[in-house]
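> Hey, dropping target.txt in here, compact mmCIF, C-alpha atoms:
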```txt
# COMPACT_ATOMS: atom_id res chain seq x y z
CA MET V 1 104.62 44.07 85.06
CA ASN V 2 108.10 45.35 84.34
CA PRO V 3 108.38 48.87 85.83
CA VAL V 4 110.24 50.09 82.77
CA SER V 5 107.28 49.27 80.57
CA ALA V 6 104.70 50.76 82.95
CA ASP V 7 101.88 52.61 81.22
CA LEU V 8 102.33 56.33 81.94
CA SER V 9 99.46 57.57 79.79
CA LEU V 10 97.31 60.32 81.32
CA ILE V 11 94.17 58.17 81.60
CA THR V 12 96.05 55.30 83.22
CA LEU V 13 97.78 57.58 85.70
CA ILE V 14 94.47 59.14 86.75
CA ALA V 15 92.82 55.72 87.01
CA ASN V 16 95.63 54.42 89.22
CA ALA V 17 95.77 57.51 91.45
CA SER V 18 94.77 57.27 95.10
CA LEU V 19 91.24 58.19 96.19
CA VAL V 20 92.36 61.50 97.70
CA VAL V 21 94.14 62.53 94.49
CA LYS V 22 91.09 61.54 92.44
CA CYS V 23 88.89 63.69 94.68
CA VAL V 24 91.29 66.59 94.22
CA LEU V 25 91.17 66.13 90.46
CA VAL V 26 87.36 66.11 90.49
CA ILE V 27 87.33 69.34 92.51
CA LEU V 28 89.81 71.01 90.16
CA ILE V 29 87.99 69.93 87.01
CA THR V 30 84.73 71.22 88.50
CA LEU V 31 86.36 74.55 89.35
CA SER V 32 87.75 74.76 85.84
CA LEU V 33 84.31 74.17 84.31
CA VAL V 34 82.78 76.79 86.60
CA SER V 35 85.56 79.19 85.68
CA TRP V 36 85.05 78.78 81.94
CA THR V 37 81.28 79.18 82.37
CA VAL V 38 81.81 82.51 84.15
CA ILE V 39 84.41 83.56 81.59
CA PHE V 40 81.99 83.13 78.67
CA GLN V 41 79.11 84.73 80.56
CA LYS V 42 81.18 87.78 81.45
CA TYR V 43 82.46 88.07 77.90
CA PHE V 44 78.99 88.42 76.42
CA MET V 45 77.72 90.57 79.31
CA ILE V 46 80.57 93.08 79.13
CA ARG V 47 80.49 93.16 75.35
CA ARG V 48 76.76 93.99 75.41
CA ALA V 49 77.36 96.67 78.04
CA GLN V 50 80.17 98.16 75.94
CA GLU V 51 78.08 98.23 72.77
CA ALA V 52 75.04 99.67 74.56
CA THR V 53 77.20 102.38 76.13
CA ASP V 54 78.76 103.31 72.78
CA ASN V 55 75.38 103.50 71.06
CA PHE V 56 73.79 105.58 73.81
CA GLU V 57 76.69 108.03 74.04
CA ASN V 58 76.55 108.58 70.28
CA ARG V 59 72.86 109.42 70.50
CA PHE V 60 73.23 111.49 73.66
CA TRP V 61 75.97 113.72 72.28
CA SER V 62 74.36 113.99 68.85
CA GLY V 63 71.98 116.62 70.21
CA THR V 64 68.87 114.46 70.48
CA GLU V 65 66.24 115.87 72.83
CA LEU V 66 66.60 114.40 76.32
CA THR V 67 62.89 113.67 76.50
CA HIS V 68 63.09 111.71 73.24
CA LEU V 69 66.01 109.72 74.60
CA LEU V 70 64.04 109.01 77.75
CA ASP V 71 61.12 107.70 75.70
CA ASP V 72 63.48 105.41 73.77
CA VAL V 73 64.99 104.03 76.96
CA ARG V 74 61.57 103.44 78.48
CA GLY V 75 60.54 101.59 75.35
CA LYS V 76 63.44 99.17 75.77
CA GLY V 77 62.41 98.26 79.32
CA SER V 78 64.73 95.74 80.93
CA LYS V 79 66.78 95.51 77.72
CA ALA V 80 68.13 99.03 78.21
CA GLY V 81 71.87 99.27 78.74
CA MET V 82 73.61 100.25 81.95
CA GLN V 83 74.20 103.87 81.00
CA GLU V 84 70.71 104.17 79.55
CA GLN V 85 69.19 103.08 82.85
CA ILE V 86 71.35 105.56 84.75
CA PHE V 87 70.25 108.34 82.39
CA ALA V 88 66.58 107.34 82.68
CA ALA V 89 66.73 107.36 86.48
CA GLY V 90 68.32 110.79 86.51
CA MET V 91 66.04 112.26 83.87
CA GLN V 92 62.89 110.98 85.55
CA GLU V 93 64.01 112.41 88.89
CA PHE V 94 64.84 115.71 87.22
CA MET V 95 61.38 115.93 85.66
CA LYS V 96 59.89 115.45 89.14
CA GLN V 97 62.12 117.95 90.93
CA HIS V 98 63.22 120.50 88.33
CA LYS V 99 61.08 123.17 89.99
CA ALA V 100 63.02 122.72 93.21
CA GLY V 101 65.89 124.77 91.79
CA PRO V 102 69.55 123.83 92.32
CA ASN V 103 68.56 121.28 94.97
CA ALA V 104 67.04 119.17 92.21
CA VAL V 105 70.52 118.22 91.03
CA ASN V 106 71.26 116.54 94.35
CA GLY V 107 68.16 114.37 94.02
CA VAL V 108 69.08 113.50 90.44
CA SER V 109 72.59 112.53 91.53
CA ARG V 110 71.28 110.23 94.26
CA ALA V 111 68.85 108.54 91.86
CA MET V 112 71.60 107.96 89.31
CA ARG V 113 73.99 106.66 91.97
CA ALA V 114 71.45 104.12 93.18
CA VAL V 115 70.97 102.70 89.68
CA PHE V 116 74.71 102.86 89.01
CA THR V 117 75.46 100.79 92.13
CA ARG V 118 72.84 98.20 91.22
CA GLU V 119 74.06 97.86 87.63
CA LEU V 120 77.69 97.73 88.72
CA ASP V 121 76.93 94.86 91.10
CA GLY V 122 75.52 92.91 88.18
CA LEU V 123 78.49 93.75 85.99
CA GLU V 124 81.00 92.65 88.63
CA ALA V 125 79.13 89.45 89.52
CA GLY V 126 81.36 86.43 88.99
CA LEU V 127 84.66 88.31 89.13
CA PRO V 128 85.30 87.46 92.82
CA LEU V 129 84.64 83.81 91.95
CA LEU V 130 87.26 83.92 89.19
CA ALA V 131 89.72 85.51 91.62
CA SER V 132 89.04 82.80 94.21
CA ILE V 133 89.45 79.98 91.69
CA GLY V 134 92.65 81.52 90.38
CA SER V 135 94.17 81.88 93.83
CA THR V 136 93.11 78.57 95.39
CA SER V 137 93.38 76.07 92.52
CA PRO V 138 97.20 75.82 92.58
CA TYR V 139 97.14 75.08 96.31
CA ILE V 140 94.44 72.45 95.91
CA GLY V 141 96.53 70.85 93.17
CA LEU V 142 99.64 71.09 95.35
CA PHE V 143 97.83 69.30 98.15
CA GLY V 144 96.96 66.46 95.76
CA THR V 145 100.56 66.29 94.58
CA VAL V 146 102.01 66.19 98.10
CA TRP V 147 99.54 63.49 99.11
CA GLY V 148 100.29 61.45 95.98
CA ILE V 149 104.07 61.68 96.41
CA MET V 150 103.74 60.77 100.07
CA ASN V 151 101.78 57.65 99.12
CA ALA V 152 104.31 56.80 96.40
CA PHE V 153 107.27 56.90 98.79
CA THR V 154 105.34 55.14 101.55
CA GLY V 155 104.74 52.23 99.18
CA LEU V 156 108.47 51.91 98.56
CA SER V 157 109.10 50.76 102.12
CA SER V 158 108.03 47.22 101.22
CA LEU V 159 110.32 46.96 98.19
CA GLU V 160 113.90 45.71 98.29
CA ASN V 161 115.05 47.11 94.96
CA VAL V 162 114.08 50.73 94.32
CA SER V 163 114.77 52.52 91.05
CA LEU V 164 113.49 55.56 89.19
CA ALA V 165 111.26 53.29 87.11
CA VAL V 166 109.51 52.17 90.29
CA VAL V 167 109.03 55.69 91.65
CA ALA V 168 108.11 57.37 88.36
CA PRO V 169 104.46 56.21 88.03
CA GLY V 170 103.56 57.33 91.55
CA ILE V 171 105.21 60.72 91.16
CA ALA V 172 103.64 61.19 87.73
CA GLU V 173 100.19 60.45 89.17
CA ALA V 174 100.77 63.03 91.87
CA LEU V 175 102.05 65.75 89.53
CA ILE V 176 98.86 65.56 87.47
CA ALA V 177 97.08 67.32 90.34
CA THR V 178 99.47 70.28 90.13
CA ALA V 179 99.11 70.43 86.35
CA ILE V 180 95.32 70.47 86.47
CA GLY V 181 95.45 73.00 89.31
CA LEU V 182 97.43 75.34 87.07
CA PHE V 183 95.11 74.57 84.16
CA ALA V 184 92.19 75.77 86.30
CA ALA V 185 94.01 78.75 87.80
CA ILE V 186 95.72 80.39 84.81
CA PRO V 187 92.60 81.10 82.70
CA ALA V 188 90.73 82.28 85.81
CA VAL V 189 93.46 84.76 86.78
CA ALA V 190 93.90 86.00 83.21
CA ALA V 191 90.14 86.44 82.76
CA TYR V 192 89.77 88.21 86.10
CA ASN V 193 92.48 90.73 85.27
CA TYR V 194 91.09 91.32 81.77
CA TYR V 195 87.45 91.69 82.80
CA ASN V 196 88.29 93.75 85.86
CA ASN V 197 90.10 96.19 83.59
CA ARG V 198 87.13 96.30 81.19
CA VAL V 199 84.71 96.91 84.05
CA ASN V 200 86.89 99.69 85.45
CA ARG V 201 86.89 101.39 82.06
CA LEU V 202 83.11 101.23 81.93
CA VAL V 203 82.92 102.58 85.47
CA ASN V 204 85.10 105.54 84.48
CA ARG V 205 82.80 106.25 81.55
CA MET V 206 79.75 106.08 83.80
CA GLU V 207 81.38 108.45 86.28
CA SER V 208 82.23 110.92 83.53
CA PHE V 209 78.72 110.72 82.11
CA HIS V 210 77.25 111.22 85.57
CA GLU V 211 79.18 114.46 86.07
CA GLU V 212 78.56 115.78 82.58
CA PHE V 213 74.84 115.02 82.70
CA LEU V 214 74.51 116.77 86.05
CA ASN V 215 76.26 119.81 84.60
CA ILE V 216 73.80 119.86 81.69
CA LEU V 217 70.81 119.68 84.04
CA ASP V 218 72.31 122.34 86.31
CA ARG V 219 72.66 124.71 83.36
CA GLN V 220 69.06 124.07 82.39
CA ILE V 221 67.89 124.88 85.91
CA ARG V 222 69.90 128.07 86.08
CA GLY V 223 68.60 128.96 82.62
```
Starting from the file, give its structure as structure tokens.

Amino acid sequence: MNPVSADLSLITLIANASLVVKCVLVILITLSLVSWTVIFQKYFMIRRAQEATDNFENRFWSGTELTHLLDDVRGKGSKAGMQEQIFAAGMQEFMKQHKAGPNAVNGVSRAMRAVFTRELDGLEAGLPLLASIGSTSPYIGLFGTVWGIMNAFTGLSSLENVSLAVVAPGIAEALIATAIGLFAAIPAVAAYNYYNNRVNRLVNRMESFHEEFLNILDRQIRG
């Protein structure tokens, strides 16, 4: 085949790539699929947490009786939002210890912190994976590119006439690995930064609610 007329289509380049480059491409495509799966899962999870937090805060600050709110949260069971579960843990502990005086607030705070930590772990699940995919994918792709270019130039040693048309297919095959590495990394990094910011905002709201709720309970104890 005349080198000038070589088929440089994406499918042909991947099909003609070396075994190592193909393995790299499979790894990168798998990482990309995992990344997009986590991205969609986190989108719906954080959106639900945001909506549940907004709805609960509106009810909490509307003046509804705390005991009525507790009954509503209990009725939801496992479907209760993150802030609702924190409130329920604190309120239930307060109802057990409210006769203990000011010391009851410390027990309420510990109960709320325990639930907060557990819920936060669930909310942050998957973010480290996105960060890892975003940071490692370009290097995996670069490895495939270096290996492919090395093979391309090694194969030139047996040729007498070397031109750009001869080298181009091999280099193009190798550069696909870098391109797919970036394709896997960029969405993962962007999603990590976006979701990490959203989670931090929710954490700040939980922290504020924690302090304000403790102040409310402390005032009730002191009468």
> Between atom CA of Arg201 of chain V and atom CA of Arg47 of chain V, what is the distance in Å, rounded to a tenth?
12.4 Å
> Which residue out of V:Ile140, V:Val199, V:Ile133, V:Met82 has the minimum interatomic distance to Ala49 of chain V when all atoms listed in the file are used?
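The closest residue to Ala49 of chain V is V:Met82.
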> From the list V:Leu28, V:Gly90, V:Ser137, V:Thr37, which residue is nearest Asn106 of chain V when using all atoms listed in the file?
V:Gly90
> Padding 6 Å on each side, edges along x, y and z: where is the centre of the box around the listed atoms of segment 122-134 of chain V, and how long are its edges in Å to one decimal? Output it as AutoDock Vina command-line options.

```
--center_x 84.1 --center_y 86.9 --center_z 90.1 --size_x 29.1 --size_y 25.8 --size_z 20.2
```
> Atom CA of Thr67 of chain V and atom CA of Met95 of chain V are how many Å apart?
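So the answer is 9.6 Å.
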> What is the atom CA of Pro128 of chain V to atom CA of Lys79 of chain V distance in Å?
25.2 Å
> Choose the residue, out of V:Phe87, V:Phe153, V:Trp147, V:Phe183, that has the smallest atom-to-atom separation from Glu211 of chain V; count all atoms listed in the file.
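Using all atoms listed in the file, Glu211 of chain V sits closest to V:Phe87.
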> Do you know which residues are at most 9 Å from Leu182 of chain V counting only C-alpha atoms, after dropping those on the same chain fewer than 2 positions away, and could you put them as a list in words?
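Once the nearby chain positions are removed, what remains is Gly134, Ser137, Pro138, Gly141, Ala177, Thr178, Ala179, Ile180, Ala184, Ala185, Ile186 and Pro187 of chain V.
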> Could you check which of V:Gly63, V:Arg205, V:Gly181, V:Gln41 is closest to Gly144 of chain V, using only C-alpha atoms?
V:Gly181
> Counting all atoms listed in the file, which of V:Leu25, V:Leu214, V:Leu202, V:Met112 gets nearest to Leu175 of chain V?
V:Leu25
> So which residues fall inside 9 Å of (68.2, 102.1, 87.7) if we count only C-alpha atoms? Mind giving them as a list in words?
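Within the cut-off we find Met82, Glu84, Gln85, Ile86, Phe87, Ala88, Ala89, Gly90, Ala111, Met112, Arg113, Ala114, Val115, Phe116, Thr117, Arg118 and Glu119 of chain V.
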> For Gln83 of chain V, which of V:Ser62, V:Gln50, V:Thr145, V:Ser32 is the closest residue, counting all atoms listed in the file?
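When distances to Gln83 of chain V are compared using all atoms listed in the file, the smallest one comes from V:Gln50.
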> Can you tell me, as a VMD selection string, what residues are no more than 10 Å from Ala191 of chain V when counting all atoms listed in the file, ignoring any on the same chain fewer than 5 positions away?
chain V and resid 35 to 36 38 to 40 42 to 43 127 130 to 131 134 185 to 186 196 to 197
